[in-house]
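Undergrad: The structure's right below; bear with me while I get my questions together.
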Amino acid sequence: MNIDEFEQARAEKDPLRQAQRATELIDVYKNRSAELARLRKAAIDRAYAEGRSYTDIAKASGITKGRITQIRKSAPPVARAFFGVGPVTVAIPRRALDERPLGVIAAEDQAAADAMAELLVLLGHQPRSFEIPPSGEWEPPADAVAICGPKSSHVTAEAIQSDPYLSFEPDSDGRWVITDRQTGEVFVSPWDAVGDKTRDIAYVARLTRNNRQVLVVAGVHALGSIGAVEYLRRNLDDLFGIVNEQPFSLVVASTFDDLTVTETETLWGPKVHS
């Protein structure tokens with residue numbers, strides 16, 4: 001965002017275009033304001049941890065000591081940065097059906113997207129939704145979460161191919177499995193291994209696509225994505241403490257009662273990409 005964009009919006013003669021651009025810039029301002037509030041809180045906490053008093057921090061920041069107390073209580077969580085600055089786009093696939101050329105959205109994918117949106121709102125983000133077409137053709141914008149496996153989009157598959165530690169591909173039996181590229185260890189969903197449809201695993205990674213980072217959340221089955229989102233909700237602070245804003249890989253295992261996650265845990269990782 002720069003002053004030229006602001007002035008261009010002010011000078012726009014077409015009222016519809018002006019309204020559209022003003023809305024877009026308001027969204028950008030909101031997200032950057034929230035990120036600045038997060039950065040300020042993180043900086044205050046870091047300065048205090050390094051031995052500075054709140055009185056000194058307040059003086060250097062040009063605010064009162066009482067305001068520092070308010071900031072530490074009300075600013076967005078530090079882990080907000082796990083998903084970027086925002087706005088964050090949450091993408092889910094439309095799955096092709098012969099009788100429905102536009103495809104359909106699986107209930108599990110929608111549930112995972114809704115849960116992710118709720119988490120993002122709690123972190124001070126304004127999530128946007130996007131439906132990946134049945135062709136799988138799309139281009140992740142900045143700060144995107146793709147709740148989509150490699151089978152549903154070649155874009156996701158290509159992003160996963162860049163993962164230095166994990167692959168997500170079919171095995172010789174046609175089962176989609178996650179494999180440790182270095183050790184050869186294979187992670188098979190209990191759904192496929194023993195027919196236990198109350199358990200699934202998921203691939204989670206922050207990857208680079210066309211110089212932009214995208215967070216991929218992909219259950220071996222759609223149910224696994226719900227478990228992965230719940231894992232993030234429960235463990236985000238600890239995970240952010242390990243990976244921060246760097247690319248990483250992770251495998252999550254979850255147990256379900258219908259669409260409700262009863263247990264979720266790390267099966268592999270997290271491992272930051274070197």
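Identifiers in the structure tokens: chain A, B, ... in order shown; residue index from 1 per chain; ligand index from 1 in order shown.
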Quick one: residues within 9 Å of Phe256 (chain A), only C-alpha atoms counted, chain neighbours fewer than 5 positions away excluded, as a PyMOL selection string?
TA: chain A and resi 197-200+223+227+261-264
Undergrad: Keeping only C-alpha atoms, write the selected residues as a PDB file, in the first residue's frame.
TA:
ATOM      1  CA  LYS A 197     -12.885 -44.562   9.086  1.00  0.00           C
ATOM      2  CA  THR A 198     -12.661 -42.800  12.461  1.00  0.00           C
ATOM      3  CA  ARG A 199      -8.961 -42.012  11.930  1.00  0.00           C
ATOM      4  CA  ASP A 200      -7.011 -40.181   9.251  1.00  0.00           C
ATOM      5  CA  LEU A 223     -11.716 -35.871   7.090  1.00  0.00           C
ATOM      6  CA  GLY A 227      -8.210 -32.850  12.096  1.00  0.00           C
ATOM      7  CA  VAL A 261     -12.171 -34.242  16.296  1.00  0.00           C
ATOM      8  CA  THR A 262     -11.633 -36.202  19.507  1.00  0.00           C
ATOM      9  CA  GLU A 263      -7.824 -36.482  19.312  1.00  0.00           C
ATOM     10  CA  THR A 264      -5.157 -34.846  17.173  1.00  0.00           C
TER      11      THR A 264
END
Undergrad: Neighbours of region 26-34 of chain A within 7 Å (only C-alpha atoms; same-chain residues fewer than 6 positions away dropped), as a PyMOL selection string?
TA: chain A and resi 76+85-87+124-125
Undergrad: Please identify the strand (DSSP E or B) residues within region 131-219 of chain A (assignment by DSSP from backbone atoms) and present them as JSON, numbers by chain.
TA: {"A": [131, 132, 144, 145, 146, 166, 167, 168, 169, 170, 176, 177, 178, 179, 180, 186, 187, 199, 200, 201, 202, 203, 204, 205, 206, 207, 208, 209, 212, 213, 214, 215, 216, 217, 218, 219]}
Undergrad: Output N, CA, C and O atoms for every residue in the selection just made, as a CSV table (one decimal), in the first residue's frame.
TA:
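What follows is the written file part-v6.csv:
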chain,number,residue,atom,x,y,z
A,131,GLU,N,-13.1,-21.0,-4.1
A,131,GLU,CA,-13.4,-22.3,-4.5
A,131,GLU,C,-12.6,-22.7,-5.7
A,131,GLU,O,-12.7,-22.1,-6.8
A,132,ILE,N,-11.7,-23.7,-5.5
A,132,ILE,CA,-10.9,-24.1,-6.6
A,132,ILE,C,-11.7,-24.9,-7.6
A,132,ILE,O,-12.4,-25.8,-7.2
A,144,ALA,N,-2.3,-17.4,1.5
A,144,ALA,CA,-3.3,-18.3,1.2
A,144,ALA,C,-3.2,-19.6,2.0
A,144,ALA,O,-2.1,-20.0,2.3
A,145,VAL,N,-4.4,-20.1,2.4
A,145,VAL,CA,-4.4,-21.5,3.0
A,145,VAL,C,-5.2,-22.4,2.0
A,145,VAL,O,-6.3,-22.1,1.6
A,146,ALA,N,-4.5,-23.4,1.5
A,146,ALA,CA,-5.2,-24.3,0.5
A,146,ALA,C,-5.5,-25.6,1.3
A,146,ALA,O,-4.7,-26.4,1.6
A,166,LEU,N,9.0,-34.2,2.6
A,166,LEU,CA,7.9,-35.1,2.5
A,166,LEU,C,7.4,-35.1,1.1
A,166,LEU,O,7.4,-34.1,0.4
A,167,SER,N,6.9,-36.3,0.6
A,167,SER,CA,6.1,-36.4,-0.6
A,167,SER,C,4.7,-36.8,-0.2
A,167,SER,O,4.5,-37.4,0.8
A,168,PHE,N,3.8,-36.6,-1.2
A,168,PHE,CA,2.4,-37.0,-1.0
A,168,PHE,C,1.9,-37.5,-2.3
A,168,PHE,O,1.5,-36.7,-3.2
A,169,GLU,N,2.0,-38.8,-2.5
A,169,GLU,CA,1.7,-39.4,-3.8
A,169,GLU,C,1.1,-40.8,-3.6
A,169,GLU,O,1.2,-41.4,-2.5
A,170,PRO,N,0.5,-41.4,-4.6
A,170,PRO,CA,0.0,-42.7,-4.5
A,170,PRO,C,1.1,-43.8,-4.4
A,170,PRO,O,2.2,-43.6,-5.0
A,176,TRP,N,-3.1,-43.1,-1.5
A,176,TRP,CA,-2.3,-41.9,-1.3
A,176,TRP,C,-1.6,-41.9,0.1
A,176,TRP,O,-2.2,-42.1,1.1
A,177,VAL,N,-0.3,-41.8,0.1
A,177,VAL,CA,0.5,-41.9,1.3
A,177,VAL,C,1.5,-40.7,1.4
A,177,VAL,O,1.8,-40.1,0.4
A,178,ILE,N,1.9,-40.4,2.6
A,178,ILE,CA,2.9,-39.4,2.8
A,178,ILE,C,4.2,-40.1,3.1
A,178,ILE,O,4.2,-41.0,4.0
A,179,THR,N,5.3,-39.7,2.5
A,179,THR,CA,6.6,-40.4,2.6
A,179,THR,C,7.7,-39.4,3.0
A,179,THR,O,7.8,-38.4,2.4
A,180,ASP,N,8.5,-39.9,4.0
A,180,ASP,CA,9.7,-39.1,4.3
A,180,ASP,C,10.7,-39.4,3.2
A,180,ASP,O,11.2,-40.5,3.0
A,186,VAL,N,7.0,-44.5,5.4
A,186,VAL,CA,5.7,-44.2,4.8
A,186,VAL,C,4.6,-44.1,5.8
A,186,VAL,O,4.5,-44.9,6.7
A,187,PHE,N,3.8,-43.0,5.7
A,187,PHE,CA,2.7,-42.8,6.6
A,187,PHE,C,1.4,-43.1,5.8
A,187,PHE,O,1.1,-42.4,4.8
A,199,ARG,N,-10.3,-42.6,11.8
A,199,ARG,CA,-9.0,-42.0,11.9
A,199,ARG,C,-8.4,-41.7,10.5
A,199,ARG,O,-8.7,-42.4,9.6
A,200,ASP,N,-7.6,-40.6,10.5
A,200,ASP,CA,-7.0,-40.2,9.3
A,200,ASP,C,-5.8,-39.4,9.6
A,200,ASP,O,-5.5,-39.0,10.7
A,201,ILE,N,-4.9,-39.2,8.6
A,201,ILE,CA,-3.7,-38.4,8.7
A,201,ILE,C,-3.8,-37.2,7.7
A,201,ILE,O,-4.6,-37.3,6.7
A,202,ALA,N,-3.0,-36.2,7.9
A,202,ALA,CA,-2.9,-35.1,7.0
A,202,ALA,C,-1.5,-34.5,6.9
A,202,ALA,O,-0.7,-34.6,7.8
A,203,TYR,N,-1.3,-34.0,5.7
A,203,TYR,CA,-0.1,-33.3,5.3
A,203,TYR,C,-0.3,-31.8,5.6
A,203,TYR,O,-1.3,-31.2,5.1
A,204,VAL,N,0.6,-31.2,6.3
A,204,VAL,CA,0.5,-29.7,6.5
A,204,VAL,C,1.9,-29.1,6.2
A,204,VAL,O,2.9,-29.6,6.7
A,205,ALA,N,1.9,-28.1,5.4
A,205,ALA,CA,3.2,-27.5,5.1
A,205,ALA,C,3.1,-26.1,4.6
A,205,ALA,O,2.1,-25.7,4.0
A,206,ARG,N,4.0,-25.2,4.9
A,206,ARG,CA,4.1,-23.9,4.3
A,206,ARG,C,5.1,-24.0,3.2
A,206,ARG,O,6.3,-24.3,3.4
A,207,LEU,N,4.6,-23.8,1.9
A,207,LEU,CA,5.4,-24.0,0.7
A,207,LEU,C,5.5,-22.7,-0.1
A,207,LEU,O,4.7,-21.8,0.1
A,208,THR,N,6.4,-22.7,-1.1
A,208,THR,CA,6.5,-21.6,-1.9
A,208,THR,C,6.0,-21.9,-3.3
A,208,THR,O,6.3,-22.9,-3.9
A,209,ARG,N,5.1,-21.0,-3.8
A,209,ARG,CA,4.6,-21.2,-5.2
A,209,ARG,C,4.7,-19.8,-5.9
A,209,ARG,O,4.1,-18.8,-5.4
A,212,ARG,N,5.5,-16.9,-3.8
A,212,ARG,CA,4.5,-16.6,-2.7
A,212,ARG,C,4.4,-17.9,-1.8
A,212,ARG,O,4.5,-19.0,-2.3
A,213,GLN,N,4.2,-17.7,-0.5
A,213,GLN,CA,4.0,-18.8,0.4
A,213,GLN,C,2.5,-19.2,0.5
A,213,GLN,O,1.7,-18.3,0.6
A,214,VAL,N,2.3,-20.5,0.5
A,214,VAL,CA,0.9,-21.0,0.7
A,214,VAL,C,1.0,-22.1,1.7
A,214,VAL,O,1.8,-22.9,1.7
A,215,LEU,N,0.0,-22.0,2.7
A,215,LEU,CA,-0.1,-23.1,3.7
A,215,LEU,C,-1.0,-24.1,3.1
A,215,LEU,O,-2.2,-23.9,2.9
A,216,VAL,N,-0.4,-25.3,2.9
A,216,VAL,CA,-1.2,-26.5,2.4
A,216,VAL,C,-1.7,-27.3,3.6
A,216,VAL,O,-0.9,-27.8,4.4
A,217,VAL,N,-3.0,-27.6,3.6
A,217,VAL,CA,-3.6,-28.5,4.6
A,217,VAL,C,-4.3,-29.5,3.8
A,217,VAL,O,-5.3,-29.3,3.2
A,218,ALA,N,-3.8,-30.8,3.9
A,218,ALA,CA,-4.4,-31.8,3.0
A,218,ALA,C,-4.5,-33.1,3.7
A,218,ALA,O,-3.4,-33.8,3.9
A,219,GLY,N,-5.7,-33.5,4.0
A,219,GLY,CA,-5.9,-34.9,4.6
A,219,GLY,C,-5.7,-35.9,3.5
A,219,GLY,O,-6.0,-35.6,2.3
Undergrad: DSSP says helix (DSSP H, G or I) for which residues of region 33-259 of chain A? Put them as a ChimeraX atom specification?
TA: /A:33-49,54-61,65-74,78-83,107-122,154-161,190-193,222-243
Undergrad: Measuring atom to atom with only C-alpha atoms, identify which of A:Glu265, A:Glu108, A:Asp14, A:Glu99 is nearest to Ala222 (chain A).
TA: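 That would be A:Glu108, the residue with the smallest distance to Ala222 (chain A).
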Undergrad: Which residue is closest to Ile63 (chain A)? Choose from A:Ile44, A:Ala107, A:Ala11, A:Arg38 and count only C-alpha atoms.
TA: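 Closest residue, counting only C-alpha atoms: A:Ile44.
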Undergrad: Counting only C-alpha atoms, which residues of region 21-100 of chain A sit at most 10 Å from some atom of region 234-245 of chain A, and what is each one's closest atom pair with its distance in Å to one decimal, listed by chain and rising residue number, as a tab-separated table?
TA:
residue	atom	partner	partner_atom	distance
A:Pro77	CA	A:Asp237	CA	8.8
A:Val78	CA	A:Asp237	CA	8.2
A:Ala79	CA	A:Asp237	CA	5.8
A:Arg80	CA	A:Phe240	CA	9.0
A:Ala81	CA	A:Glu245	CA	6.8
A:Phe82	CA	A:Glu245	CA	5.7
A:Phe83	CA	A:Glu245	CA	8.1
A:Gly84	CA	A:Glu245	CA	7.7
Undergrad: What's around Glu137 (chain A) at 8 Å? Count only C-alpha atoms, leave out sequence neighbours fewer than 4 positions away in its own chain, and write the answer as number ranges by chain.
TA: A: 132-133, 153-155
Undergrad: Name the closest residue to Tyr231 (chain A) among the candidates A:Ala91, A:Ala193, A:Ile71, A:Val252; distances are taken between atoms, counting only C-alpha atoms.
TA: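 Among the listed residues, the smallest separation from Tyr231 (chain A) belongs to A:Val252.
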